[in-house]
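Student: Structure file final_16.cif, mmCIF, C-alpha atoms (C1' of nucleotides), is pasted below:
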data_input
loop_
_atom_site.label_atom_id
_atom_site.label_comp_id
_atom_site.auth_asym_id
_atom_site.auth_seq_id
_atom_site.Cartn_x
_atom_site.Cartn_y
_atom_site.Cartn_z
CA MET K 205 39.64 -38.29 -22.74
CA SER K 206 41.81 -35.37 -23.63
CA VAL K 207 39.35 -34.68 -26.36
CA THR K 208 36.54 -34.53 -23.89
CA THR K 209 38.51 -32.33 -21.59
CA SER K 210 39.40 -29.88 -24.26
CA LYS K 211 35.84 -29.84 -25.46
CA VAL K 212 34.65 -28.97 -22.01
CA LYS K 213 37.26 -26.27 -21.63
CA GLU K 214 36.30 -24.87 -24.98
CA LYS K 215 32.69 -24.78 -23.98
CA ILE K 216 33.48 -23.01 -20.75
CA LYS K 217 35.69 -20.54 -22.49
CA THR K 218 32.91 -19.88 -24.96
CA LYS K 219 30.47 -19.19 -22.17
CA GLU K 220 32.87 -16.81 -20.53
CA ASN K 221 33.34 -15.00 -23.75
CA LEU K 222 29.65 -14.83 -24.30
CA LEU K 223 29.18 -13.27 -20.90
CA LYS K 224 32.08 -10.89 -21.31
CA VAL K 225 30.95 -9.75 -24.72
CA GLU K 226 27.35 -9.31 -23.76
CA LEU K 227 28.28 -7.41 -20.63
CA ALA K 228 30.67 -5.17 -22.49
CA LYS K 229 27.88 -4.17 -24.86
CA LYS K 230 26.07 -2.71 -21.92
CA HIS K 231 29.09 -1.27 -20.11
CA LEU K 232 28.70 -3.87 -17.43
CA LYS K 233 31.51 -5.62 -15.65
CA LEU K 234 32.56 -9.22 -15.67
CA THR K 235 32.79 -10.27 -12.05
CA ARG K 236 33.63 -13.50 -10.30
CA GLN K 237 30.07 -13.66 -8.98
CA ARG K 238 28.57 -13.36 -12.42
CA GLU K 239 30.80 -16.12 -13.72
CA ILE K 240 29.88 -18.39 -10.85
CA ILE K 241 26.19 -17.74 -11.25
CA LEU K 242 26.24 -18.26 -15.00
CA GLU K 243 28.20 -21.46 -14.62
CA ALA K 244 25.79 -22.85 -12.06
CA PHE K 245 22.75 -21.60 -13.91
CA LEU K 246 23.70 -23.38 -17.10
CA LYS K 247 23.88 -26.70 -15.28
CA ASN K 248 20.14 -26.50 -14.77
CA ASP K 249 17.13 -26.38 -16.98
CA HIS K 250 14.61 -24.62 -14.78
CA ILE K 251 15.69 -23.37 -11.40
CA SER K 252 14.52 -20.89 -8.80
CA ALA K 253 16.75 -18.16 -7.41
CA GLU K 254 16.58 -19.80 -4.01
CA ASP K 255 17.64 -23.20 -5.27
CA LEU K 256 20.47 -21.72 -7.24
CA TYR K 257 21.58 -19.87 -4.13
CA HIS K 258 21.70 -23.12 -2.18
CA GLN K 259 23.33 -24.99 -5.01
CA ILE K 260 26.15 -22.47 -5.07
CA ALA K 261 26.37 -22.40 -1.30
CA ARG K 262 26.91 -26.15 -1.34
CA GLU K 263 30.12 -25.49 -3.24
CA LYS K 264 31.26 -23.43 -0.24
CA ILE K 265 30.82 -20.24 -2.19
CA HIS K 266 28.80 -17.61 -0.49
CA LEU K 267 27.02 -15.05 -2.59
CA GLY K 268 24.38 -12.63 -1.37
CA VAL K 269 20.83 -13.40 -2.38
CA ALA K 270 20.47 -9.99 -3.92
CA THR K 271 23.32 -10.80 -6.25
CA ILE K 272 21.67 -14.03 -7.28
CA TYR K 273 18.43 -12.29 -8.13
CA ARG K 274 20.14 -9.40 -9.85
CA THR K 275 22.31 -11.65 -11.95
CA LEU K 276 19.52 -13.99 -12.89
CA ASN K 277 17.51 -11.04 -14.10
CA LEU K 278 20.55 -9.78 -15.92
CA LEU K 279 20.91 -13.12 -17.71
CA CYS K 280 17.31 -12.73 -18.82
CA GLU K 281 18.11 -9.33 -20.28
CA LEU K 282 21.02 -10.91 -22.12
CA GLY K 283 18.75 -13.54 -23.60
CA ILE K 284 20.39 -16.41 -21.73
CA GLY K 285 17.55 -16.96 -19.31
CA GLN K 286 13.84 -16.47 -19.19
CA GLN K 287 11.45 -16.16 -16.29
CA ARG K 288 8.69 -18.72 -15.97
CA HIS K 289 5.76 -18.40 -13.62
CA PHE K 290 4.40 -21.86 -13.16
CA GLY K 291 2.00 -22.90 -10.45
CA ASP K 292 4.22 -22.11 -7.50
CA GLN K 293 4.90 -18.76 -6.01
CA GLN K 294 8.56 -18.78 -6.93
CA VAL K 295 9.77 -17.77 -10.34
CA LEU K 296 11.75 -20.37 -12.25
CA TYR K 297 14.54 -19.29 -14.54
CA ASP K 298 14.62 -21.22 -17.78
CA ASN K 299 18.03 -21.71 -19.33
CA ILE K 300 17.33 -20.82 -22.94
CA LEU K 301 20.88 -20.71 -24.23
CA ASN K 302 20.83 -22.56 -27.53
CA LYS K 303 17.15 -23.33 -27.18
CA LYS K 304 14.45 -22.15 -29.47
CA HIS K 305 11.02 -21.02 -28.41
CA HIS K 306 9.06 -23.65 -26.56
CA ASP K 307 6.17 -24.21 -24.21
CA HIS K 308 5.88 -26.48 -21.18
CA LEU K 309 4.23 -29.61 -19.93
CA ILE K 310 4.40 -29.84 -16.15
CA CYS K 311 3.75 -32.79 -13.88
CA GLN K 312 1.74 -31.58 -10.92
CA LYS K 313 3.03 -34.44 -8.79
CA CYS K 314 6.78 -34.69 -9.32
CA LYS K 315 7.21 -31.26 -10.89
CA LYS K 316 8.91 -32.71 -13.94
CA ILE K 317 8.99 -30.21 -16.77
CA VAL K 318 8.95 -31.24 -20.41
CA GLU K 319 9.50 -28.71 -23.15
CA PHE K 320 7.66 -28.91 -26.43
CA GLU K 321 6.86 -26.82 -29.42
CA SER K 322 3.80 -26.85 -31.59
CA PRO K 323 3.78 -24.80 -34.75
CA ASP K 324 0.21 -25.91 -35.30
CA ILE K 325 -0.92 -24.37 -32.05
CA GLU K 326 1.03 -21.21 -32.78
CA LYS K 327 -0.74 -20.85 -36.10
CA LEU K 328 -4.10 -21.16 -34.42
CA GLN K 329 -3.09 -18.60 -31.81
CA GLU K 330 -2.15 -16.18 -34.54
CA LYS K 331 -5.48 -16.77 -36.21
CA ILE K 332 -7.37 -16.10 -32.98
CA ALA K 333 -5.43 -12.92 -32.31
CA LYS K 334 -6.11 -11.63 -35.79
CA LYS K 335 -9.79 -12.49 -35.59
CA ASN K 336 -9.99 -10.33 -32.47
CA GLY K 337 -8.02 -7.47 -33.94
CA PHE K 338 -4.96 -8.09 -31.79
CA VAL K 339 -1.33 -7.90 -32.78
CA LEU K 340 0.15 -10.87 -30.98
CA LYS K 341 3.32 -10.15 -29.05
CA LYS K 342 3.81 -13.25 -26.95
CA HIS K 343 1.91 -16.13 -25.49
CA ARG K 344 2.08 -18.46 -22.57
CA LEU K 345 0.98 -22.04 -22.88
CA GLU K 346 1.36 -24.46 -20.03
CA LEU K 347 -0.08 -27.95 -19.85
CA TYR K 348 -0.47 -29.37 -16.36
CA GLY K 349 -1.05 -33.01 -15.62
CA GLU K 350 0.49 -36.17 -14.39
CA CYS K 351 3.46 -37.86 -15.98
CA GLN K 352 3.68 -41.55 -16.70
CA ASN K 353 5.74 -42.35 -13.62
CA CYS K 354 3.40 -40.59 -11.27
CA VAL K 355 0.32 -42.11 -12.83
CA ARG K 356 1.86 -45.56 -12.50
CA ALA K 357 3.06 -44.99 -8.96
CA LYS K 358 -0.38 -44.05 -7.74
CA LYS K 359 -2.47 -46.51 -9.67
CA PRO K 360 -1.07 -50.01 -9.70
CA GLU K 361 -4.76 -50.83 -9.43
CA VAL K 362 -4.35 -53.75 -11.79
CA PHE K 363 -5.30 -57.10 -10.24
CA MET E 289 -40.35 -0.85 -16.65
CA SER E 290 -42.08 -2.99 -14.10
CA VAL E 291 -41.01 -5.93 -16.20
CA THR E 292 -37.40 -4.88 -16.03
CA THR E 293 -37.64 -4.35 -12.31
CA SER E 294 -39.12 -7.75 -11.67
CA LYS E 295 -36.54 -9.34 -13.92
CA VAL E 296 -33.77 -7.73 -11.94
CA LYS E 297 -35.31 -8.79 -8.68
CA GLU E 298 -35.66 -12.30 -9.97
CA LYS E 299 -32.03 -12.36 -10.99
CA ILE E 300 -30.88 -11.11 -7.63
CA LYS E 301 -33.05 -13.56 -5.84
CA THR E 302 -31.58 -16.33 -7.93
CA LYS E 303 -28.07 -15.28 -7.02
CA GLU E 304 -28.95 -15.18 -3.38
CA ASN E 305 -30.43 -18.59 -3.58
CA LEU E 306 -27.42 -19.88 -5.39
CA LEU E 307 -25.16 -18.56 -2.69
CA LYS E 308 -27.39 -19.79 0.10
CA VAL E 309 -27.70 -23.25 -1.36
CA GLU E 310 -24.03 -23.62 -2.12
CA LEU E 311 -23.06 -22.40 1.33
CA ALA E 312 -25.52 -24.72 3.02
CA LYS E 313 -23.94 -27.68 1.27
CA LYS E 314 -20.74 -26.90 3.09
CA HIS E 315 -22.28 -25.88 6.40
CA LEU E 316 -21.28 -22.32 5.78
CA LYS E 317 -23.28 -19.26 6.69
CA LEU E 318 -24.95 -16.69 4.53
CA THR E 319 -23.79 -13.31 5.74
CA ARG E 320 -24.40 -9.76 4.66
CA GLN E 321 -20.73 -9.46 3.68
CA ARG E 322 -20.88 -12.47 1.43
CA GLU E 323 -23.97 -11.14 -0.29
CA ILE E 324 -22.36 -7.77 -0.83
CA ILE E 325 -19.19 -9.29 -2.20
CA LEU E 326 -20.99 -11.67 -4.51
CA GLU E 327 -23.20 -8.88 -5.79
CA ALA E 328 -20.22 -6.64 -6.52
CA PHE E 329 -18.15 -9.48 -7.90
CA LEU E 330 -20.76 -10.42 -10.47
CA LYS E 331 -20.79 -6.89 -11.85
CA ASN E 332 -17.26 -7.45 -13.06
CA ASP E 333 -15.60 -9.80 -15.46
CA HIS E 334 -12.06 -9.90 -14.12
CA ILE E 335 -11.25 -8.00 -10.96
CA SER E 336 -8.56 -7.98 -8.31
CA ALA E 337 -9.33 -8.26 -4.61
CA GLU E 338 -8.02 -4.77 -4.08
CA ASP E 339 -10.18 -3.23 -6.78
CA LEU E 340 -13.22 -5.03 -5.48
CA TYR E 341 -12.42 -3.72 -2.02
CA HIS E 342 -12.34 -0.16 -3.32
CA GLN E 343 -15.41 -0.66 -5.46
CA ILE E 344 -17.37 -1.73 -2.41
CA ALA E 345 -15.86 1.02 -0.29
CA ARG E 346 -17.13 3.55 -2.82
CA GLU E 347 -20.64 2.43 -1.92
CA LYS E 348 -19.90 3.50 1.63
CA ILE E 349 -19.72 -0.07 2.77
CA HIS E 350 -16.66 -0.99 4.70
CA LEU E 351 -15.50 -4.58 4.69
CA GLY E 352 -12.17 -5.83 5.95
CA VAL E 353 -9.67 -6.82 3.29
CA ALA E 354 -9.35 -10.24 4.82
CA THR E 355 -13.04 -10.79 4.25
CA ILE E 356 -12.71 -9.79 0.62
CA TYR E 357 -9.90 -12.26 0.03
CA ARG E 358 -11.58 -15.03 1.98
CA THR E 359 -14.85 -14.61 0.21
CA LEU E 360 -13.33 -14.36 -3.23
CA ASN E 361 -11.51 -17.61 -2.60
CA LEU E 362 -14.69 -19.09 -1.30
CA LEU E 363 -16.48 -18.16 -4.50
CA CYS E 364 -13.76 -20.01 -6.36
CA GLU E 365 -14.42 -23.11 -4.31
CA LEU E 366 -18.09 -22.78 -5.16
CA GLY E 367 -17.31 -22.64 -8.86
CA ILE E 368 -18.50 -19.06 -9.24
CA GLY E 369 -15.07 -17.55 -9.61
CA GLN E 370 -11.67 -18.59 -10.83
CA GLN E 371 -8.24 -17.17 -10.13
CA ARG E 372 -6.22 -15.86 -13.04
CA HIS E 373 -2.56 -15.01 -12.85
CA PHE E 374 -1.86 -12.71 -15.74
CA GLY E 375 1.21 -10.57 -16.13
CA ASP E 376 0.74 -8.50 -13.02
CA GLN E 377 1.49 -9.48 -9.48
CA GLN E 378 -2.11 -9.31 -8.40
CA VAL E 379 -4.47 -12.18 -8.92
CA LEU E 380 -7.58 -11.43 -10.94
CA TYR E 381 -10.81 -13.20 -10.15
CA ASP E 382 -12.71 -14.28 -13.22
CA ASN E 383 -16.46 -14.35 -12.89
CA ILE E 384 -17.27 -17.71 -14.45
CA LEU E 385 -20.92 -17.95 -13.50
CA ASN E 386 -22.72 -19.17 -16.60
CA LYS E 387 -19.51 -19.22 -18.57
CA LYS E 388 -17.92 -22.25 -20.11
CA HIS E 389 -14.21 -22.93 -20.22
CA HIS E 390 -12.23 -20.28 -22.04
CA ASP E 391 -8.78 -18.82 -22.47
CA HIS E 392 -7.67 -15.20 -22.67
CA LEU E 393 -6.34 -12.62 -25.03
CA ILE E 394 -4.85 -9.67 -23.15
CA CYS E 395 -3.89 -6.23 -24.38
CA GLN E 396 -0.58 -5.29 -22.83
CA LYS E 397 -1.36 -1.61 -23.22
CA CYS E 398 -4.91 -1.03 -22.05
CA LYS E 399 -5.28 -4.32 -20.18
CA LYS E 400 -8.42 -5.23 -22.09
CA ILE E 401 -9.21 -8.90 -21.72
CA VAL E 402 -11.01 -10.90 -24.39
CA GLU E 403 -12.16 -14.42 -23.75
CA PHE E 404 -12.04 -17.07 -26.42
CA GLU E 405 -12.22 -20.79 -26.81
CA SER E 406 -10.50 -23.00 -29.32
CA PRO E 407 -11.46 -26.65 -29.48
CA ASP E 408 -8.79 -27.08 -32.15
CA ILE E 409 -6.05 -25.96 -29.81
CA GLU E 410 -7.44 -28.12 -27.03
CA LYS E 411 -7.26 -31.16 -29.28
CA LEU E 412 -3.66 -30.44 -30.12
CA GLN E 413 -2.85 -30.00 -26.44
CA GLU E 414 -4.36 -33.35 -25.69
CA LYS E 415 -2.31 -34.88 -28.45
CA ILE E 416 0.90 -33.37 -27.11
CA ALA E 417 0.18 -34.55 -23.59
CA LYS E 418 -0.48 -38.05 -24.79
CA LYS E 419 2.63 -38.14 -26.90
CA ASN E 420 4.64 -37.30 -23.79
CA GLY E 421 2.88 -39.83 -21.61
CA PHE E 422 1.03 -37.21 -19.60
CA VAL E 423 -2.53 -37.31 -18.37
CA LEU E 424 -3.67 -33.74 -18.94
CA LYS E 425 -5.44 -32.14 -16.01
CA LYS E 426 -5.60 -28.49 -16.93
CA HIS E 427 -3.94 -25.93 -19.10
CA ARG E 428 -3.28 -22.26 -19.22
CA LEU E 429 -3.20 -20.39 -22.46
CA GLU E 430 -2.80 -16.65 -22.59
CA LEU E 431 -2.18 -14.54 -25.65
CA TYR E 432 -0.61 -11.16 -25.04
CA GLY E 433 -0.51 -8.39 -27.56
CA GLU E 434 -1.98 -5.10 -28.53
CA CYS E 435 -5.63 -4.52 -29.31
CA GLN E 436 -6.90 -2.60 -32.29
CA ASN E 437 -7.50 0.59 -30.34
CA CYS E 438 -4.04 0.66 -28.87
CA VAL E 439 -2.35 -0.13 -32.14
CA ARG E 440 -4.24 2.70 -33.81
CA ALA E 441 -3.58 5.14 -31.03
CA LYS E 442 0.15 4.68 -31.18
CA LYS E 443 0.78 4.35 -34.88
CA PRO E 444 -1.01 6.89 -37.02
CA GLU E 445 2.19 6.57 -39.03
CA VAL E 446 0.27 6.59 -42.29
CA PHE E 447 1.56 8.95 -45.05
"C1'" DT X 86 48.49 2.48 -11.04
"C1'" DG X 87 44.83 5.46 -10.12
"C1'" DT X 88 40.35 7.13 -11.13
"C1'" DT X 89 35.81 6.28 -12.08
"C1'" DA X 90 31.90 3.67 -12.86
"C1'" DT X 91 29.70 -0.34 -11.62
"C1'" DA X 92 28.94 -4.43 -8.44
"C1'" DT X 93 28.33 -6.64 -4.11
"C1'" DG X 94 26.10 -7.93 0.15
"C1'" DA X 95 23.80 -7.13 4.53
"C1'" DT X 96 19.69 -5.73 5.58
"C1'" DA X 97 15.50 -2.99 5.32
"C1'" DA X 98 11.50 -2.39 2.56
"C1'" DT X 99 7.76 -3.83 -0.33
"C1'" DG X 100 3.40 -5.68 -1.60
"C1'" DA X 101 0.06 -9.12 -2.08
"C1'" DT X 102 -2.01 -12.41 0.48
"C1'" DT X 103 -2.88 -15.28 4.61
"C1'" DA X 104 -2.91 -16.28 9.71
"C1'" DT X 105 -4.38 -15.03 14.26
"C1'" DC X 106 -7.67 -14.21 17.58
"C1'" DA X 107 -11.04 -11.63 20.15
"C1'" DT X 108 -15.61 -10.30 19.07
"C1'" DA X 109 -19.87 -10.65 16.43
"C1'" DA X 110 -23.40 -12.78 13.76
"C1'" DT X 111 -25.96 -16.87 11.89
"C1'" DT X 112 -28.12 -21.24 12.30
"C1'" DG X 113 -30.97 -24.85 14.02
"C1'" DA X 114 -32.99 -26.79 17.92
"C1'" DA X 115 -36.07 -26.36 21.75
"C1'" DT A 42 -38.53 -16.48 19.84
"C1'" DT A 43 -34.47 -17.74 22.42
"C1'" DC A 44 -30.26 -20.05 23.31
"C1'" DA A 45 -26.25 -22.73 22.38
"C1'" DA A 46 -23.05 -23.96 19.15
"C1'" DT A 47 -20.66 -22.95 15.20
"C1'" DT A 48 -18.89 -20.13 11.84
"C1'" DA A 49 -17.65 -15.32 10.21
"C1'" DT A 50 -15.62 -10.85 10.59
"C1'" DG A 51 -12.05 -7.44 10.91
"C1'" DA A 52 -7.92 -5.28 12.78
"C1'" DT A 53 -3.59 -6.30 12.53
"C1'" DA A 54 0.51 -9.19 12.59
"C1'" DA A 55 2.90 -12.46 9.84
"C1'" DT A 56 4.65 -14.44 5.58
"C1'" DC A 57 7.34 -14.95 1.62
"C1'" DA A 58 9.53 -13.86 -2.61
"C1'" DT A 59 11.70 -10.25 -4.46
"C1'" DT A 60 13.63 -5.53 -4.77
"C1'" DA A 61 15.70 -1.16 -2.87
"C1'" DT A 62 19.22 1.03 -0.20
"C1'" DC A 63 23.73 2.24 0.67
"C1'" DA A 64 28.37 1.75 2.41
"C1'" DT A 65 32.15 -0.82 0.78
"C1'" DA A 66 34.65 -3.38 -2.76
"C1'" DT A 67 36.09 -4.40 -7.37
"C1'" DA A 68 36.64 -4.13 -12.45
"C1'" DA A 69 37.81 -1.35 -16.48
"C1'" DC A 70 40.55 1.58 -18.81
"C1'" DA A 71 43.28 5.66 -19.40
#
Rewrite the structure from the file as structure tokens, please.
Tutor:
Amino acid sequence: MSVTTSKVKEKIKTKENLLKVELAKKHLKLTRQREIILEAFLKNDHISAEDLYHQIAREKIHLGVATIYRTLNLLCELGIGQQRHFGDQQVLYDNILNKKHHDHLICQKCKKIVEFESPDIEKLQEKIAKKNGFVLKKHRLELYGECQNCVRAKKPEVF
Amino acid sequence: MSVTTSKVKEKIKTKENLLKVELAKKHLKLTRQREIILEAFLKNDHISAEDLYHQIAREKIHLGVATIYRTLNLLCELGIGQQRHFGDQQVLYDNILNKKHHDHLICQKCKKIVEFESPDIEKLQEKIAKKNGFVLKKHRLELYGECQNCVRAKKPEVF
DNA sequence: TGTTATATGATAATGATTATCATAATTGAA
DNA sequence: TTCAATTATGATAATCATTATCATATAACA
């Protein structure tokens, strides 16, 4: 138990340091708001600014929406987050701390998001780019469909 | 020359019929505005509602913006157009009349768009979806980079 | 501890797209 | 062709997510 606790503390301390260090590099300040937002952000995998705002508000902490947006975008600049434009109109912020590059599989029903990587597809993409005389800088691959649960839920059409 | 003319006329007539027939199926009306918008739309490959609005305005024809948006979305319902959300905030409407499914390669500099298809990638996508228990409904694959012209223009750094 | 640069938050602004609604045009029947 | 019924148009207001503004507050560092 104490082991767990210390591990958690360590982790948190590490995050704080990360933030502090990264901010310092850019002459930016470490504020209470930024700590709160980072902390909350890292508890999620893919979250919208609005949802994060409400999530934090539920903890009785009020932060201005502008601060949420600004900080989320800041985290993206620091390489901790990444914007994702899936089907909806809202941007989702992907927590990419300690994650490598990946693409997404999205359930159109329950909105579940699964991350995957496919070196094979990447190779083919590179080949296509080259064939067309392009220098590939980035790509976006999203697979939309229905996950097992949702398929089952809708079609118990057995017997 | 007369051959060319008649060919053009034939083509236009075909488009009109297409529109008329498709509209009739849905109890919708064939209007002058819809003809104008379809005609202009088909001259482009990927165009935003705003650009189409201006393009039509340049011909001294004034249509309300709402009509442009409504009609463009209508064309999508009819399977003549398809919305594309690339990097920018504006939606581009892809003219997919007589086109099969394809993905896009986009130059981040000059905005050139190249269409391509890759059955190999599609197969891999299907495999990934299956592995994760998903029934794949659609996908979105966009490759962003720099086209030959833009690469050349910026880096004559030879010698 | 004070000075200075940066951050915050309330709110206005933005920009693309859609909704509203009075008026106009098309369709199909007679 | 004409009329009634239905659908379309267009000016403009509304929407919605996000960003800009700016007065006030706070962090950093000498």
Student: Within 12 Å of (31.1, -0.6, -13.2) in the file's own coordinates, which protein, DNA or RNA residues have an atom, counting all atoms listed in the file? List them as an NGL selection string.
Tutor: (:K and (227-228 or 230-235)) or (:X and (89-93)) or (:A and (66-70))
Student: Name the residues that the PyMOL selection byres ((chain X and resi 104-111) around 8) picks from the file above, as a compact mmCIF listing (two decimals) with C-alpha atoms (C1' of nucleotides), in the coordinates of the input, using the file's chain letters and numbers.
Tutor:
# COMPACT_ATOMS: atom_id res chain seq x y z
CA LYS E 317 -23.28 -19.26 6.69
CA LEU E 318 -24.95 -16.69 4.53
CA THR E 319 -23.79 -13.31 5.74
C1' DT X 103 -2.88 -15.28 4.61
C1' DT X 112 -28.12 -21.24 12.30
C1' DT A 48 -18.89 -20.13 11.84
C1' DA A 49 -17.65 -15.32 10.21
C1' DT A 50 -15.62 -10.85 10.59
C1' DA A 54 0.51 -9.19 12.59
C1' DA A 55 2.90 -12.46 9.84
Student: What are the residues of chain K lining chain A at 12 Å or less? Count only C-alpha atoms (C1' of nucleotides), and put the answer as a PyMOL selection string.
Tutor: chain K and resi 228+231-237+252-254+269-274+277+292-296
Student: Determine, counting all atoms listed in the file, which protein, DNA and RNA residues have an atom within 9 Å of an atom of range 390-395 of chain E; residues of the same chain fewer than 2 positions away are not included. Present the result as an MDAnalysis selection string.
Tutor: (chainID K and resid 332:333 336 338:340 343) or (chainID E and resid 374 387:388 397:406 428:435 438)
Student: How far is it from CA of Gly367 in chain E to C1' of DT102 in chain X, in Å with one decimal?
Tutor: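 Distance reported for this atom pair: 20.6 Å.
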Student: Please write as a PyMOL selection string the full residue list that the PyMOL selection byres ((chain K and resi 302) around 12) yields on this file.
Tutor: chain K and resi 219+246+249+283-285+298-301+303-306
Student: Find the residue from X:DA101, X:DA114, X:DG94, X:DG87 that sits nearest to chain E; use all atoms listed in the file when measuring.
Tutor: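 For chain E, the nearest of the candidates is X:DA101.
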Student: If you measure from CA of Gly291 in chain K to CA of Gln312 in chain K, what distance in Å do you get, rounded to one decimal?
Tutor: 8.7 Å
Student: One decimal, Å: what's the distance from CA of Glu243 in chain K over to CA of Glu220 in chain K, could you say?
Tutor: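 CA of Glu220 in chain K lies at a distance of 8.9 Å from CA of Glu243 in chain K.
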Student: List the spatial neighbours of Ile409 in chain E as an MDAnalysis selection string - criterion: any atom at most 10 Å away, all atoms listed in the file, same-chain residues fewer than 5 positions off excluded.
Tutor: (chainID K and resid 324:329) or (chainID E and resid 414:415 429)
Student: Can you tell me, as a PDB file with C-alpha atoms, keeping the file's coordinate frame, what residues are no more than 12 Å from Ala328 in chain E when counting only C-alpha atoms (C1' of nucleotides), ignoring any on the same chain fewer than 5 positions away?
Tutor:
ATOM      1  CA  ILE E 300     -30.880 -11.110  -7.630  1.00  0.00           C
ATOM      2  CA  LYS E 303     -28.070 -15.280  -7.020  1.00  0.00           C
ATOM      3  CA  GLN E 321     -20.730  -9.460   3.680  1.00  0.00           C
ATOM      4  CA  ARG E 322     -20.880 -12.470   1.430  1.00  0.00           C
ATOM      5  CA  GLU E 323     -23.970 -11.140  -0.290  1.00  0.00           C
ATOM      6  CA  ASP E 333     -15.600  -9.800 -15.460  1.00  0.00           C
ATOM      7  CA  HIS E 334     -12.060  -9.900 -14.120  1.00  0.00           C
ATOM      8  CA  ILE E 335     -11.250  -8.000 -10.960  1.00  0.00           C
ATOM      9  CA  SER E 336      -8.560  -7.980  -8.310  1.00  0.00           C
ATOM     10  CA  ALA E 337      -9.330  -8.260  -4.610  1.00  0.00           C
ATOM     11  CA  ASP E 339     -10.180  -3.230  -6.780  1.00  0.00           C
ATOM     12  CA  LEU E 340     -13.220  -5.030  -5.480  1.00  0.00           C
ATOM     13  CA  TYR E 341     -12.420  -3.720  -2.020  1.00  0.00           C
ATOM     14  CA  HIS E 342     -12.340  -0.160  -3.320  1.00  0.00           C
ATOM     15  CA  GLN E 343     -15.410  -0.660  -5.460  1.00  0.00           C
ATOM     16  CA  ILE E 344     -17.370  -1.730  -2.410  1.00  0.00           C
ATOM     17  CA  ALA E 345     -15.860   1.020  -0.290  1.00  0.00           C
ATOM     18  CA  ARG E 346     -17.130   3.550  -2.820  1.00  0.00           C
ATOM     19  CA  GLU E 347     -20.640   2.430  -1.920  1.00  0.00           C
ATOM     20  CA  ILE E 349     -19.720  -0.070   2.770  1.00  0.00           C
ATOM     21  CA  ILE E 356     -12.710  -9.790   0.620  1.00  0.00           C
ATOM     22  CA  THR E 359     -14.850 -14.610   0.210  1.00  0.00           C
ATOM     23  CA  LEU E 360     -13.330 -14.360  -3.230  1.00  0.00           C
ATOM     24  CA  ASN E 383     -16.460 -14.350 -12.890  1.00  0.00           C
TER      25      ASN E 383
END
